[in-house]
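What follows is one structure encoded as structure tokens, with my remarks underneath.
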Amino acid sequence: MTKRICIVIMALVCTGAVFYGLWRAGAFLPAWISWESGTVCDRSGAYTAVLEKGQVTVFCDNTVIWNSPKEIKVQQMLFGDADNDQEEELLLLCWKIGRFGESRPFWMERDERNWSQHIYVYQCRQGKVKPQWMSSYIGQDVTDMSVRAEKRMTEDKREGDASQERNRLFLTDPAGKVSRWVWLSWGFTKEETEVSFVVFGDNLIHEPIYRYGLRHGGDFGFLYENSRELIDRNDVAVINQETPLTDDPAMYGDYPRFGTPVQVGEAIVDAGFDVVTCGTNHALDRGAAGVNFTKHFFDGQGIVCLGIQSEEEKEERPYEVVTRNGIRFALFNYTYGTNGIKIPDECPAMVHLLEDEDRIREAVRAAKEESDMVIVFAHWGTEYAKEPDAFQEKWTQVFLESGVDAVIGTHPHTLQPYEMLQDGNGHQMLIYYSIGNFVSAQYEQACVKGGAAEFTVSLTADGYKITQYSLQPLEITHEKGKYSVAQKSIQ
């Protein structure tokens, strides 16, 4: 081997050693990392942690009691009650070589040899620092972490379940997406922080529709069979039940005073709908009895029924709070009127009307205090119009100013535009002015084309926001007396 080759080999060995040393020191970690430095104290004032150059030193009574392991590089630290034991812990967002903590799964012969991001939790008690959770790889890149309290619910608050305030860990990735984690005795578990909605338009049951269903054994599943995939892929499915239900054949009816066989309601339940909006101009077509029956039916099936109240419910309940994946939604349903049919004096809240602006603003304000998102289902507008009218525009402004997050309109029986609005303070509100019919026997071309509003609510750095929205085109088909609804491809 010549001297020149030996020199080259030695140079390569030295270069490799240098690069290996730099790699071990973390020199090639992602450029997006912001290495913080500074001092934090727990709320008792007994413990102080100092972060500098990726290492943490903890003091108690001005005495050093702990230094972070040299094999980890600390990106960020904080004190917080991560496990809800009423005492704060020290949390480190850090990097180490390998994906596992002190032990690895039995099926892994050896750990990986790359740098990965972890969260370590330490208890500071009685002048000592003890490890509480040394995480495996957390499965995502994190630019920031925080611990804060949130009120979360597992069921509808109206059913009596009190909300519980618990601390959660919030992690933000380089793209700004936020995830929420909860401590479950052994460590952190990632929670689902997205909820998807699908909203269908007017379920307008004309006589040809209900006569066909009754002739075929009273099974109205054919109305919703082509929408099952849309319903199943969303967390909350909503439909506007335009017409009141009844189990009395003598009360069946067509325009202008509708009465719909209860079997339609049974098909709605079987299809998997979660919410029905019943505050429409036809709500009182069968009088108070029709409202009572419709409300009792859906309540008895566990379906959230909006916009109407039975005679027993004397106090106005303008909204219902529904919870999915820990996110609380306050749902309203209003109608512009009831076709001149007077609401009973003894039950003025039987149908929720879009008329008292101050009262509605106050209801929205109250709803915002006990929910994360406010959604209004508005039965409004001019029939067969393809653009919103002055009434819709007025109430759109009221809802936007009040801080409503989404408005979905029905009644015109035609599709109208949808858009994301923003007020002067940066608050955004998604609005579908009209999503048209779901099903009806109206033959006008504009009335057979409707749409399903789909939108997703996600946790962001600025709280819960609507992050995706679209309209799935639908078309009513009619063949041999059978009415059905088909999804159309998006052009």
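Ordering of the structure tokens sets the chain letters (A, B, ...), residue numbers begin anew at 1 in every chain, and ligands are numbered from 1 in the order given.
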Excluding Thr477 of chain A and residues on its chain fewer than 3 positions from it, collect all residues at most 8 Å away from it, counting only C-alpha atoms, and give them as a PDB file with N, CA and C atoms, in the first residue's frame.
```
ATOM      1  N   VAL A 448     -84.611  19.293  -8.209  1.00  0.00           N
ATOM      2  CA  VAL A 448     -84.163  17.901  -8.139  1.00  0.00           C
ATOM      3  C   VAL A 448     -82.657  17.815  -7.893  1.00  0.00           C
ATOM      4  N   TYR A 483     -89.005   7.234  -5.647  1.00  0.00           N
ATOM      5  CA  TYR A 483     -88.106   8.386  -5.544  1.00  0.00           C
ATOM      6  C   TYR A 483     -86.858   7.961  -4.774  1.00  0.00           C
ATOM      7  N   SER A 484     -85.720   8.308  -5.302  1.00  0.00           N
ATOM      8  CA  SER A 484     -84.467   8.013  -4.617  1.00  0.00           C
ATOM      9  C   SER A 484     -83.495   9.153  -4.843  1.00  0.00           C
ATOM     10  N   VAL A 485     -82.423   9.151  -4.096  1.00  0.00           N
ATOM     11  CA  VAL A 485     -81.427  10.216  -4.164  1.00  0.00           C
ATOM     12  C   VAL A 485     -80.087   9.610  -4.497  1.00  0.00           C
ATOM     13  N   ALA A 486     -79.445  10.149  -5.537  1.00  0.00           N
ATOM     14  CA  ALA A 486     -78.154   9.620  -5.981  1.00  0.00           C
ATOM     15  C   ALA A 486     -77.082  10.691  -5.842  1.00  0.00           C
TER      16      ALA A 486
END
```
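Look at segment 119-128 of chain A: the protein and nucleic acid residues within 6 Å of it, using only C-alpha atoms and passing over chain neighbours fewer than 6 places away, are A:Glu89, A:Leu90, A:Leu91, A:Leu92, A:Leu93, A:Met134, A:Ser135.
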If you run DSSP on the backbone here, which positions in segment 94-302 of chain A get helix (DSSP H, G or I)? Please write them as JSON, numbers by chain. {"A": [157, 158, 159, 207, 208, 209, 210, 211, 212, 213, 214, 215, 221, 222, 223, 225, 226, 227, 228, 229, 230, 231, 232, 249, 250, 251, 262, 263, 264, 265, 266, 267, 268, 269, 270, 271, 287, 288, 289, 290, 291, 292, 293, 294, 295, 296, 297, 298, 299, 300]}
Just the residues within 12 Å of Arg43 of chain A, please, counting only C-alpha atoms, with nothing from its chain fewer than 3 positions along; format it as a ChimeraX atom specification. /A:40,46-48,78-81,86-90,124
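Between Val457 of chain A and the candidates A:Gln487, A:Gln392, A:Thr338, A:Asn234, the tightest atom-to-atom separation, counting only C-alpha atoms, involves A:Asn234.
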Enumerate, as an mmCIF file with N, CA and C atoms, in the first residue's frame, the complete set of residues in segment 105-234 of chain A that a backbone-based DSSP assignment places in strand (DSSP E or B).
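Resulting contents of selection-v2.cif:
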```cif
data_model
loop_
_atom_site.group_PDB
_atom_site.id
_atom_site.type_symbol
_atom_site.label_atom_id
_atom_site.label_comp_id
_atom_site.auth_asym_id
_atom_site.auth_seq_id
_atom_site.Cartn_x
_atom_site.Cartn_y
_atom_site.Cartn_z
ATOM 1 N N TRP A 115 -31.745 9.732 15.527
ATOM 2 C CA TRP A 115 -32.307 10.659 16.497
ATOM 3 C C TRP A 115 -33.833 10.694 16.352
ATOM 4 N N SER A 116 -34.548 10.735 17.471
ATOM 5 C CA SER A 116 -36.004 10.872 17.448
ATOM 6 C C SER A 116 -36.448 11.716 18.632
ATOM 7 N N GLN A 117 -37.659 12.232 18.500
ATOM 8 C CA GLN A 117 -38.190 13.187 19.479
ATOM 9 C C GLN A 117 -39.026 12.473 20.539
ATOM 10 N N HIS A 118 -38.899 12.914 21.781
ATOM 11 C CA HIS A 118 -39.556 12.264 22.914
ATOM 12 C C HIS A 118 -40.080 13.307 23.892
ATOM 13 N N ILE A 119 -40.948 12.860 24.786
ATOM 14 C CA ILE A 119 -41.373 13.680 25.918
ATOM 15 C C ILE A 119 -41.038 12.923 27.193
ATOM 16 N N TYR A 120 -40.311 13.567 28.066
ATOM 17 C CA TYR A 120 -39.988 13.000 29.370
ATOM 18 C C TYR A 120 -40.718 13.791 30.446
ATOM 19 N N VAL A 121 -41.252 13.080 31.448
ATOM 20 C CA VAL A 121 -41.969 13.713 32.547
ATOM 21 C C VAL A 121 -41.285 13.319 33.848
ATOM 22 N N TYR A 122 -40.996 14.328 34.670
ATOM 23 C CA TYR A 122 -40.314 14.095 35.940
ATOM 24 C C TYR A 122 -41.130 14.676 37.090
ATOM 25 N N GLN A 123 -41.160 13.970 38.213
ATOM 26 C CA GLN A 123 -41.762 14.467 39.434
ATOM 27 C C GLN A 123 -40.698 15.161 40.271
ATOM 28 N N CYS A 124 -41.013 16.344 40.745
ATOM 29 C CA CYS A 124 -40.127 17.062 41.656
ATOM 30 C C CYS A 124 -40.763 17.020 43.036
ATOM 31 N N ARG A 125 -40.299 16.125 43.869
ATOM 32 C CA ARG A 125 -40.887 15.914 45.188
ATOM 33 C C ARG A 125 -39.777 15.772 46.232
ATOM 34 N N LYS A 128 -36.170 16.052 45.406
ATOM 35 C CA LYS A 128 -35.574 15.119 44.444
ATOM 36 C C LYS A 128 -36.339 15.169 43.121
ATOM 37 N N VAL A 129 -35.686 14.753 42.071
ATOM 38 C CA VAL A 129 -36.301 14.664 40.751
ATOM 39 C C VAL A 129 -36.341 13.203 40.355
ATOM 40 N N LYS A 130 -37.566 12.690 40.129
ATOM 41 C CA LYS A 130 -37.724 11.283 39.783
ATOM 42 C C LYS A 130 -38.445 11.155 38.443
ATOM 43 N N PRO A 131 -37.971 10.246 37.588
ATOM 44 C CA PRO A 131 -38.648 10.063 36.291
ATOM 45 C C PRO A 131 -40.038 9.454 36.477
ATOM 46 N N GLN A 132 -41.016 9.997 35.746
ATOM 47 C CA GLN A 132 -42.383 9.481 35.796
ATOM 48 C C GLN A 132 -42.785 8.828 34.478
ATOM 49 N N TRP A 133 -42.342 9.388 33.378
ATOM 50 C CA TRP A 133 -42.686 8.825 32.062
ATOM 51 C C TRP A 133 -41.573 9.160 31.089
ATOM 52 N N MET A 134 -40.942 8.129 30.564
ATOM 53 C CA MET A 134 -39.866 8.304 29.586
ATOM 54 C C MET A 134 -40.375 7.712 28.282
ATOM 55 N N ASP A 144 -43.680 22.817 19.456
ATOM 56 C CA ASP A 144 -44.075 23.490 20.694
ATOM 57 C C ASP A 144 -44.989 22.578 21.493
ATOM 58 N N MET A 145 -44.879 22.668 22.822
ATOM 59 C CA MET A 145 -45.789 21.927 23.692
ATOM 60 C C MET A 145 -46.313 22.855 24.770
ATOM 61 N N SER A 146 -47.524 22.569 25.238
ATOM 62 C CA SER A 146 -48.122 23.340 26.329
ATOM 63 C C SER A 146 -49.076 22.444 27.092
ATOM 64 N N VAL A 147 -49.335 22.778 28.338
ATOM 65 C CA VAL A 147 -50.318 22.080 29.160
ATOM 66 C C VAL A 147 -51.361 23.106 29.572
ATOM 67 N N ARG A 148 -52.636 22.799 29.298
ATOM 68 C CA ARG A 148 -53.688 23.703 29.723
ATOM 69 C C ARG A 148 -54.962 22.918 30.015
ATOM 70 N N ALA A 149 -55.808 23.537 30.812
ATOM 71 C CA ALA A 149 -57.056 22.884 31.222
ATOM 72 C C ALA A 149 -58.120 23.093 30.163
ATOM 73 N N GLU A 150 -58.918 22.059 29.935
ATOM 74 C CA GLU A 150 -60.047 22.143 29.020
ATOM 75 C C GLU A 150 -61.226 21.409 29.621
ATOM 76 N N LYS A 151 -62.412 21.975 29.409
ATOM 77 C CA LYS A 151 -63.634 21.279 29.800
ATOM 78 C C LYS A 151 -64.020 20.329 28.686
ATOM 79 N N ARG A 152 -64.096 19.066 29.004
ATOM 80 C CA ARG A 152 -64.442 18.060 28.011
ATOM 81 C C ARG A 152 -65.635 17.271 28.528
ATOM 82 N N GLN A 164 -66.186 18.075 32.808
ATOM 83 C CA GLN A 164 -65.048 17.946 33.690
ATOM 84 C C GLN A 164 -63.871 18.700 33.092
ATOM 85 N N GLU A 165 -63.234 19.499 33.929
ATOM 86 C CA GLU A 165 -62.063 20.233 33.473
ATOM 87 C C GLU A 165 -60.827 19.416 33.795
ATOM 88 N N ARG A 166 -60.093 19.052 32.767
ATOM 89 C CA ARG A 166 -58.867 18.279 32.946
ATOM 90 C C ARG A 166 -57.762 18.916 32.135
ATOM 91 N N ASN A 167 -56.550 18.760 32.629
ATOM 92 C CA ASN A 167 -55.406 19.259 31.886
ATOM 93 C C ASN A 167 -55.090 18.332 30.722
ATOM 94 N N ARG A 168 -54.734 18.929 29.605
ATOM 95 C CA ARG A 168 -54.303 18.194 28.429
ATOM 96 C C ARG A 168 -52.952 18.712 27.974
ATOM 97 N N LEU A 169 -52.233 17.863 27.278
ATOM 98 C CA LEU A 169 -50.978 18.251 26.648
ATOM 99 C C LEU A 169 -51.264 18.556 25.190
ATOM 100 N N PHE A 170 -50.836 19.731 24.728
ATOM 101 C CA PHE A 170 -51.048 20.137 23.344
ATOM 102 C C PHE A 170 -49.699 20.233 22.639
ATOM 103 N N LEU A 171 -49.607 19.564 21.488
ATOM 104 C CA LEU A 171 -48.375 19.539 20.712
ATOM 105 C C LEU A 171 -48.630 20.145 19.335
ATOM 106 N N THR A 172 -47.736 21.015 18.898
ATOM 107 C CA THR A 172 -47.847 21.661 17.598
ATOM 108 C C THR A 172 -46.731 21.176 16.693
ATOM 109 N N LYS A 177 -50.184 22.233 12.800
ATOM 110 C CA LYS A 177 -51.292 21.382 13.233
ATOM 111 C C LYS A 177 -51.108 21.012 14.700
ATOM 112 N N VAL A 178 -52.198 21.079 15.446
ATOM 113 C CA VAL A 178 -52.158 20.841 16.886
ATOM 114 C C VAL A 178 -52.798 19.496 17.204
ATOM 115 N N SER A 179 -52.172 18.745 18.087
ATOM 116 C CA SER A 179 -52.759 17.498 18.582
ATOM 117 C C SER A 179 -52.949 17.620 20.090
ATOM 118 N N ARG A 180 -53.918 16.850 20.607
ATOM 119 C CA ARG A 180 -54.278 16.919 22.029
ATOM 120 C C ARG A 180 -54.046 15.553 22.660
ATOM 121 N N TRP A 181 -53.380 15.548 23.798
ATOM 122 C CA TRP A 181 -53.009 14.309 24.467
ATOM 123 C C TRP A 181 -53.516 14.338 25.903
ATOM 124 N N VAL A 182 -53.971 13.191 26.396
ATOM 125 C CA VAL A 182 -54.493 13.099 27.753
ATOM 126 C C VAL A 182 -53.703 12.038 28.518
ATOM 127 N N TRP A 183 -53.496 12.283 29.803
ATOM 128 C CA TRP A 183 -52.774 11.355 30.670
ATOM 129 C C TRP A 183 -53.736 10.292 31.180
ATOM 130 N N PHE A 188 -49.205 9.393 28.255
ATOM 131 C CA PHE A 188 -50.043 10.187 27.366
ATOM 132 C C PHE A 188 -50.613 9.339 26.230
ATOM 133 N N THR A 189 -51.872 9.597 25.924
ATOM 134 C CA THR A 189 -52.546 8.981 24.791
ATOM 135 C C THR A 189 -53.111 10.083 23.913
ATOM 136 N N LYS A 190 -52.892 9.967 22.616
ATOM 137 C CA LYS A 190 -53.373 10.982 21.682
ATOM 138 C C LYS A 190 -54.877 10.874 21.517
ATOM 139 N N GLU A 191 -55.563 12.005 21.616
ATOM 140 C CA GLU A 191 -57.000 12.039 21.448
ATOM 141 C C GLU A 191 -57.366 12.455 20.020
ATOM 142 N N GLU A 194 -60.661 15.841 15.590
ATOM 143 C CA GLU A 194 -61.400 16.275 14.413
ATOM 144 C C GLU A 194 -62.801 15.685 14.451
ATOM 145 N N VAL A 195 -63.759 16.454 13.989
ATOM 146 C CA VAL A 195 -65.137 15.990 13.873
ATOM 147 C C VAL A 195 -65.661 16.415 12.508
ATOM 148 N N SER A 196 -66.221 15.464 11.781
ATOM 149 C CA SER A 196 -66.751 15.764 10.448
ATOM 150 C C SER A 196 -68.272 15.741 10.468
ATOM 151 N N PHE A 197 -68.856 16.676 9.743
ATOM 152 C CA PHE A 197 -70.303 16.808 9.629
ATOM 153 C C PHE A 197 -70.742 16.577 8.188
ATOM 154 N N VAL A 198 -71.922 16.006 8.023
ATOM 155 C CA VAL A 198 -72.608 16.006 6.734
ATOM 156 C C VAL A 198 -74.043 16.434 7.001
ATOM 157 N N VAL A 199 -74.519 17.393 6.203
ATOM 158 C CA VAL A 199 -75.856 17.946 6.404
ATOM 159 C C VAL A 199 -76.639 17.832 5.097
ATOM 160 N N PHE A 200 -77.811 17.208 5.184
ATOM 161 C CA PHE A 200 -78.682 17.034 4.024
ATOM 162 C C PHE A 200 -79.841 18.034 4.096
ATOM 163 N N GLY A 201 -80.369 18.386 2.933
ATOM 164 C CA GLY A 201 -81.404 19.397 2.836
ATOM 165 C C GLY A 201 -82.798 18.897 3.152
ATOM 166 N N ASP A 202 -83.789 19.509 2.498
ATOM 167 C CA ASP A 202 -85.189 19.279 2.841
ATOM 168 C C ASP A 202 -85.635 17.852 2.556
ATOM 169 N N ASN A 203 -86.053 17.159 3.608
ATOM 170 C CA ASN A 203 -86.690 15.856 3.491
ATOM 171 C C ASN A 203 -88.183 16.134 3.364
#
```
Find the spatial neighbours of segment 362-370 of chain A, counting only C-alpha atoms, within a cut-off of 7 Å - ignore same-chain residues fewer than 6 positions away - and output them as a list in words. Pro318, Ala330 and Ser402 of chain A
Quick one: residues within 10 Å of Gln301 of chain A, only C-alpha atoms, excluding same-chain residues fewer than 6 positions away - as a PyMOL selection string? chain A and resi 265-266+269+274
Near segment 252-263 of chain A, 12 Å: segment 305-417 of chain A residue rows, closest pairs, only C-alpha atoms, as a tab-separated table:
```
residue	atom	partner	partner_atom	distance
A:Thr338	CA	A:Arg257	CA	11.0
A:Asn339	CA	A:Pro256	CA	9.2
A:Gly340	CA	A:Pro256	CA	11.8
A:Ile341	CA	A:Arg257	CA	10.6
```
Who sits within 10 Å of Gly403 of chain A, only C-alpha atoms, same chain under 5 positions skipped, as an NGL selection string: :A and (361 or 364-365 or 368 or 373-375 or 398 or 423 or 427-429)
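The closest residue to Val407 of chain A, picked from A:Ala349, A:Asp85, A:Asn425, A:Ile466 and counting only C-alpha atoms, is A:Ile466.
Between atom CA of Gln416 of chain A and atom CA of Leu354 of chain A there is a distance of 19.5 Å.
Near Pro417 of chain A, within 9 Å and counting only C-alpha atoms, sit Lys386, Glu387, Pro388, Ile431, Tyr432, Tyr433, Ser434 and Ile435 of chain A, not including residues fewer than 6 positions from it in the same chain.
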Could you please take those selected residues and save C-alpha atoms as an mmCIF file, in the first residue's frame?
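Now in result31.cif:
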```cif
data_model
loop_
_atom_site.group_PDB
_atom_site.id
_atom_site.type_symbol
_atom_site.label_atom_id
_atom_site.label_comp_id
_atom_site.auth_asym_id
_atom_site.auth_seq_id
_atom_site.Cartn_x
_atom_site.Cartn_y
_atom_site.Cartn_z
ATOM 1 C CA LYS A 386 -80.763 30.738 -6.704
ATOM 2 C CA GLU A 387 -79.282 33.622 -4.708
ATOM 3 C CA PRO A 388 -79.807 34.681 -1.084
ATOM 4 C CA ILE A 431 -72.237 29.594 5.369
ATOM 5 C CA TYR A 432 -74.307 27.498 2.983
ATOM 6 C CA TYR A 433 -77.178 29.797 2.024
ATOM 7 C CA SER A 434 -79.249 26.839 0.792
ATOM 8 C CA ILE A 435 -78.376 23.199 0.170
#
```
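Remark: for Leu459 of chain A, the closest of the candidate residues A:Asp42, A:Glu242, A:Asp141, A:Asp372 is A:Asp372 (distances computed over only C-alpha atoms).
The interatomic distance for the pair atom CA of His206 of chain A and atom CA of Glu444 of chain A works out to 14.2 Å.
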